[in-house]
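Source file: protein_1.cif (mmCIF, C-alpha atoms and all ligand atoms)
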data_entry
loop_
_atom_site.group_PDB
_atom_site.id
_atom_site.type_symbol
_atom_site.label_atom_id
_atom_site.label_comp_id
_atom_site.auth_asym_id
_atom_site.auth_seq_id
_atom_site.Cartn_x
_atom_site.Cartn_y
_atom_site.Cartn_z
ATOM 1 C CA MET A 182 0.000 0.000 0.000
ATOM 2 C CA LYS A 183 1.310 3.405 -0.981
ATOM 3 C CA THR A 184 0.909 6.377 1.256
ATOM 4 C CA GLN A 185 1.174 10.005 0.285
ATOM 5 C CA HIS A 186 1.623 11.324 3.773
ATOM 6 C CA LYS A 187 4.218 10.025 6.135
ATOM 7 C CA PRO A 188 4.707 11.155 9.698
ATOM 8 C CA LEU A 189 8.193 12.041 10.844
ATOM 9 C CA ASP A 190 7.115 11.739 14.436
ATOM 10 C CA ILE A 191 4.084 10.387 16.310
ATOM 11 C CA ALA A 192 3.488 11.149 19.979
ATOM 12 C CA VAL A 193 0.726 9.199 21.708
ATOM 13 C CA ASP A 194 -0.057 11.195 24.846
ATOM 14 C CA LEU A 195 -2.271 9.022 27.042
ATOM 15 C CA LYS A 196 -2.364 11.592 29.816
ATOM 16 C CA LYS A 197 -3.736 14.373 27.639
ATOM 17 C CA GLY A 198 -5.719 11.867 25.558
ATOM 18 C CA GLU A 199 -4.337 12.972 22.234
ATOM 19 C CA VAL A 200 -2.015 11.937 19.434
ATOM 20 C CA ARG A 201 0.326 14.479 17.875
ATOM 21 C CA PHE A 202 1.801 14.067 14.413
ATOM 22 C CA LYS A 203 4.612 15.800 12.622
ATOM 23 C CA TRP A 204 4.297 15.246 8.887
ATOM 24 C CA GLN A 205 6.837 15.264 6.104
ATOM 25 C CA ASP A 206 5.011 18.175 4.468
ATOM 26 C CA GLY A 207 5.849 20.302 7.506
ATOM 27 C CA ARG A 208 2.407 20.213 9.125
ATOM 28 C CA ALA A 209 1.895 19.393 12.765
ATOM 29 C CA THR A 210 -1.527 17.990 13.702
ATOM 30 C CA THR A 211 -3.271 16.783 16.834
ATOM 31 C CA CYS A 212 -6.207 14.374 17.163
ATOM 32 C CA SER A 213 -7.982 13.599 20.426
ATOM 33 C CA LEU A 214 -8.421 9.911 21.225
ATOM 34 C CA GLU A 215 -12.223 10.405 21.290
ATOM 35 C CA PHE A 216 -12.086 11.860 17.793
ATOM 36 C CA LEU A 217 -9.946 8.953 16.605
ATOM 37 C CA ARG A 218 -12.324 6.427 18.169
ATOM 38 C CA ALA A 219 -15.323 8.160 16.557
ATOM 39 C CA ASN A 220 -13.567 7.702 13.213
ATOM 40 C CA CYS A 221 -12.615 4.065 13.781
ATOM 41 C CA PRO A 222 -12.030 2.639 10.289
ATOM 42 C CA CYS A 223 -13.181 -0.926 11.038
ATOM 43 C CA ALA A 224 -15.918 -2.441 8.849
ATOM 44 C CA MET A 225 -18.568 -2.152 11.568
ATOM 45 C CA CYS A 226 -17.949 1.548 12.232
ATOM 46 C CA ASN A 227 -17.623 2.370 8.529
ATOM 47 C CA GLU A 228 -21.019 0.800 7.918
ATOM 48 C CA ALA A 229 -22.629 2.672 10.821
ATOM 49 C CA ARG A 230 -21.252 6.011 9.572
ATOM 50 C CA GLU A 231 -22.382 5.287 6.009
ATOM 51 C CA LYS A 232 -25.901 4.456 7.232
ATOM 52 C CA ALA A 233 -25.989 7.617 9.297
ATOM 53 C CA ALA A 234 -24.998 9.665 6.268
ATOM 54 C CA SER A 235 -27.480 8.039 3.845
ATOM 55 C CA GLU A 236 -30.605 7.394 5.922
ATOM 56 C CA PRO A 237 -32.900 10.210 7.026
ATOM 57 C CA LEU A 238 -33.223 8.800 10.520
ATOM 58 C CA TYR A 239 -30.473 6.732 11.997
ATOM 59 C CA VAL A 240 -29.396 6.414 15.589
ATOM 60 C CA LEU A 241 -25.632 6.293 15.829
ATOM 61 C CA PRO A 242 -24.301 3.717 18.243
ATOM 62 C CA PRO A 243 -23.089 5.408 21.440
ATOM 63 C CA GLU A 244 -19.476 4.478 20.777
ATOM 64 C CA LEU A 245 -19.588 6.701 17.697
ATOM 65 C CA SER A 246 -21.814 9.541 18.906
ATOM 66 C CA ASN A 247 -20.203 9.794 22.311
ATOM 67 C CA PRO A 248 -16.937 7.901 22.020
ATOM 68 C CA ASP A 249 -14.766 6.799 24.882
ATOM 69 C CA GLY A 250 -11.168 7.130 23.777
ATOM 70 C CA SER A 251 -9.817 4.545 26.203
ATOM 71 C CA LEU A 252 -7.074 2.291 24.910
ATOM 72 C CA GLU A 253 -5.847 -1.033 26.216
ATOM 73 C CA LYS A 254 -3.248 -0.408 28.879
ATOM 74 C CA ASP A 255 -0.757 -3.086 27.845
ATOM 75 C CA ARG A 256 -1.000 -2.505 24.134
ATOM 76 C CA PRO A 257 -2.499 0.877 23.203
ATOM 77 C CA VAL A 258 -1.190 1.286 19.667
ATOM 78 C CA GLU A 259 1.126 -0.330 17.143
ATOM 79 C CA ILE A 260 2.732 0.675 13.871
ATOM 80 C CA VAL A 261 1.482 -1.320 10.874
ATOM 81 C CA GLY A 262 4.106 -1.747 8.192
ATOM 82 C CA GLN A 263 4.999 1.469 6.415
ATOM 83 C CA TYR A 264 1.520 2.819 6.131
ATOM 84 C CA GLY A 265 -0.426 3.248 9.326
ATOM 85 C CA LEU A 266 -1.351 2.695 12.943
ATOM 86 C CA GLN A 267 -3.540 0.183 14.712
ATOM 87 C CA PHE A 268 -5.249 1.387 17.896
ATOM 88 C CA PHE A 269 -6.382 -1.159 20.455
ATOM 89 C CA TRP A 270 -9.541 0.444 21.865
ATOM 90 C CA ALA A 271 -10.662 -0.796 25.255
ATOM 91 C CA ASP A 272 -14.187 -1.447 23.885
ATOM 92 C CA GLY A 273 -12.796 -4.194 21.636
ATOM 93 C CA HIS A 274 -12.523 -2.343 18.337
ATOM 94 C CA ARG A 275 -9.090 -3.024 16.930
ATOM 95 C CA ALA A 276 -9.560 -4.408 13.441
ATOM 96 C CA GLY A 277 -9.332 -1.062 11.636
ATOM 97 C CA ILE A 278 -6.035 0.243 10.326
ATOM 98 C CA TYR A 279 -5.653 4.012 10.485
ATOM 99 C CA THR A 280 -3.520 4.663 7.422
ATOM 100 C CA TYR A 281 -1.312 7.735 7.484
ATOM 101 C CA ASP A 282 -3.292 9.241 4.612
ATOM 102 C CA TYR A 283 -6.504 8.706 6.597
ATOM 103 C CA LEU A 284 -4.984 10.311 9.688
ATOM 104 C CA HIS A 285 -3.679 13.236 7.673
ATOM 105 C CA ASN A 286 -7.171 13.728 6.157
ATOM 106 C CA LEU A 287 -8.967 13.395 9.471
ATOM 107 C CA GLN A 288 -7.187 16.402 10.777
ATOM 108 C CA ALA A 289 -8.103 18.410 7.704
ATOM 109 C CA LYS A 290 -11.796 17.703 8.363
ATOM 110 C CA LYS A 291 -11.704 18.696 12.003
HETATM 111 ZN ZN ZN A 301 -14.778 0.229 14.868
#

Rewrite the structure of this file - the entire thing - as structure tokens.
Amino acid sequence: MKTQHKPLDIAVDLKKGEVRFKWQDGRATTCSLEFLRANCPCAMCNEAREKAASEPLYVLPPELSNPDGSLEKDRPVEIVGQYGLQFFWADGHRAGIYTYDYLHNLQAKK
């Protein structure tokens, strides 16, 4: 998988509940853990967000509308190959890979 955006540095700050990125293009961005959890890229969360966007009435599951950004204590996050991060959310969601391009975009939307 090819990525356009690569971080030079990633700081996962569990105390402040945020992740700070320094990108090769010179940008520095910060995402809260709640925001990252709300944008979990696993199949289940993707489907819930798509439904919410396409159906006139849809009740978002609480983990997306009011996310808890808690990570597993022993294994909060890992680097996946050359292209992304895998967060191990305490609520069991861990299948989604946050690619660097996705993370770079997320910040742009915020
Ligand atoms: Zn998910």

* Select the residues contacting ligand ZN 301 (chain A) at a distance of at most 6 Å, based on only C-alpha atoms and all ligand atoms, then format the selection as a VMD selection string. => chain A and resid 221 to 223 225 to 226 274

* To do: Name the residues that the PyMOL selection byres (((chain A and resi 243) around 12) and not hetatm) pulls out of this structure, and write them as a PyMOL selection string.
  => chain A and resi 215+218-219+226+229+240-242+244-249+272

* Ground truth for the PyMOL selection byres (((chain A and resi 203-208) around 7) and not hetatm), written as a list of chain:residue names ->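 On the file shown, the PyMOL selection byres (((chain A and resi 203-208) around 7) and not hetatm) covers A:His186, A:Lys187, A:Pro188, A:Leu189, A:Asp190, A:Ile191, A:Arg201, A:Phe202, A:Ala209, A:Thr210.
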
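Rounded to one decimal, CA of His285 (chain A) and CA of Ser235 (chain A) lie 24.7 Å from each other.
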
* Asked: Separation of CA of Leu238 (chain A) and CA of Leu217 (chain A), in Å?
  ->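 Calculated distance between CA of Leu238 (chain A) and CA of Leu217 (chain A) is 24.1 Å.
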
With 3 Å added on each side, what axis-aligned box encloses every listed atom of region 211-216 of chain A? Give the centre and edge lengths in Å to one decimal, as JSON.
{"center_x": -7.7, "center_y": 13.3, "center_z": 19.1, "size_x": 15.0, "size_y": 12.9, "size_z": 10.5}

* Result set of the PyMOL selection byres (((chain A and resi 252) around 6) and not hetatm) on the coordinates above, as JSON, numbers by chain -> {"A": [251, 253, 257, 269, 270, 271]}

Can you complete the atoms of region 279-290 of chain A to all heavy atoms and list them as a short mmCIF file (atom, residue, chain, number, x, y, z; two decimals), in the coordinates of the input?
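The resulting file, result08.cif, is reproduced below:
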data_model
loop_
_atom_site.label_atom_id
_atom_site.label_comp_id
_atom_site.auth_asym_id
_atom_site.auth_seq_id
_atom_site.Cartn_x
_atom_site.Cartn_y
_atom_site.Cartn_z
N TYR A 279 -5.64 2.57 10.76
CA TYR A 279 -5.65 4.01 10.48
C TYR A 279 -4.44 4.30 9.60
O TYR A 279 -3.33 4.42 10.10
CB TYR A 279 -5.53 4.82 11.78
CG TYR A 279 -6.72 4.74 12.72
CD1 TYR A 279 -7.00 3.58 13.43
CD2 TYR A 279 -7.52 5.85 12.93
CE1 TYR A 279 -8.08 3.52 14.29
CE2 TYR A 279 -8.59 5.81 13.81
CZ TYR A 279 -8.87 4.64 14.49
OH TYR A 279 -9.94 4.60 15.36
N THR A 280 -4.66 4.38 8.29
CA THR A 280 -3.52 4.66 7.42
C THR A 280 -3.08 6.11 7.64
O THR A 280 -3.85 6.96 8.09
CB THR A 280 -3.88 4.47 5.93
OG1 THR A 280 -4.84 5.46 5.57
CG2 THR A 280 -4.43 3.08 5.66
N TYR A 281 -1.83 6.38 7.30
CA TYR A 281 -1.31 7.74 7.48
C TYR A 281 -2.09 8.74 6.64
O TYR A 281 -2.34 9.86 7.08
CB TYR A 281 0.18 7.79 7.17
CG TYR A 281 1.02 7.00 8.16
CD1 TYR A 281 2.06 6.19 7.74
CD2 TYR A 281 0.74 7.07 9.51
CE1 TYR A 281 2.81 5.47 8.65
CE2 TYR A 281 1.48 6.35 10.43
CZ TYR A 281 2.52 5.54 9.99
OH TYR A 281 3.25 4.83 10.89
N ASP A 282 -2.49 8.34 5.44
CA ASP A 282 -3.29 9.24 4.61
C ASP A 282 -4.63 9.55 5.30
O ASP A 282 -5.10 10.68 5.29
CB ASP A 282 -3.55 8.63 3.22
CG ASP A 282 -2.29 8.61 2.37
OD1 ASP A 282 -1.32 9.29 2.74
OD2 ASP A 282 -2.29 7.91 1.34
N TYR A 283 -5.24 8.52 5.89
CA TYR A 283 -6.50 8.71 6.60
C TYR A 283 -6.31 9.66 7.78
O TYR A 283 -7.11 10.58 7.99
CB TYR A 283 -7.02 7.33 7.06
CG TYR A 283 -8.37 7.35 7.72
CD1 TYR A 283 -9.52 7.65 7.00
CD2 TYR A 283 -8.52 7.02 9.07
CE1 TYR A 283 -10.77 7.65 7.61
CE2 TYR A 283 -9.75 7.00 9.68
CZ TYR A 283 -10.88 7.33 8.94
OH TYR A 283 -12.12 7.32 9.55
N LEU A 284 -5.25 9.45 8.52
CA LEU A 284 -4.98 10.31 9.69
C LEU A 284 -4.71 11.75 9.27
O LEU A 284 -5.15 12.69 9.91
CB LEU A 284 -3.80 9.75 10.49
CG LEU A 284 -4.08 8.46 11.25
CD1 LEU A 284 -2.79 7.78 11.67
CD2 LEU A 284 -4.96 8.72 12.46
N HIS A 285 -3.99 11.91 8.19
CA HIS A 285 -3.68 13.24 7.67
C HIS A 285 -4.97 13.94 7.25
O HIS A 285 -5.19 15.11 7.55
CB HIS A 285 -2.72 13.09 6.49
CG HIS A 285 -2.06 14.36 6.06
ND1 HIS A 285 -2.62 15.21 5.16
CD2 HIS A 285 -0.88 14.94 6.43
CE1 HIS A 285 -1.83 16.26 4.98
NE2 HIS A 285 -0.76 16.11 5.74
N ASN A 286 -5.87 13.20 6.59
CA ASN A 286 -7.17 13.73 6.16
C ASN A 286 -8.09 14.07 7.31
O ASN A 286 -8.82 15.04 7.25
CB ASN A 286 -7.90 12.68 5.31
CG ASN A 286 -7.64 12.90 3.85
OD1 ASN A 286 -7.33 14.01 3.44
ND2 ASN A 286 -7.77 11.84 3.08
N LEU A 287 -8.10 13.19 8.32
CA LEU A 287 -8.97 13.40 9.47
C LEU A 287 -8.75 14.76 10.07
O LEU A 287 -9.68 15.47 10.43
CB LEU A 287 -8.63 12.36 10.55
CG LEU A 287 -9.36 11.04 10.57
CD1 LEU A 287 -8.97 10.30 11.84
CD2 LEU A 287 -10.86 11.24 10.51
N GLN A 288 -7.50 15.13 10.18
CA GLN A 288 -7.19 16.40 10.78
C GLN A 288 -7.71 17.55 9.91
O GLN A 288 -8.23 18.54 10.41
CB GLN A 288 -5.67 16.54 10.97
CG GLN A 288 -5.27 17.82 11.64
CD GLN A 288 -5.88 17.96 13.03
OE1 GLN A 288 -6.06 16.95 13.71
NE2 GLN A 288 -6.19 19.16 13.43
N ALA A 289 -7.64 17.38 8.61
CA ALA A 289 -8.10 18.41 7.70
C ALA A 289 -9.60 18.66 7.87
O ALA A 289 -10.08 19.77 7.70
CB ALA A 289 -7.80 18.02 6.27
N LYS A 290 -10.34 17.59 8.22
CA LYS A 290 -11.80 17.70 8.36
C LYS A 290 -12.19 18.37 9.67
O LYS A 290 -13.26 18.90 9.80
CB LYS A 290 -12.43 16.31 8.32
CG LYS A 290 -12.80 15.87 6.93
CD LYS A 290 -13.70 14.65 6.99
CE LYS A 290 -12.90 13.37 6.98
NZ LYS A 290 -13.69 12.18 7.23
#
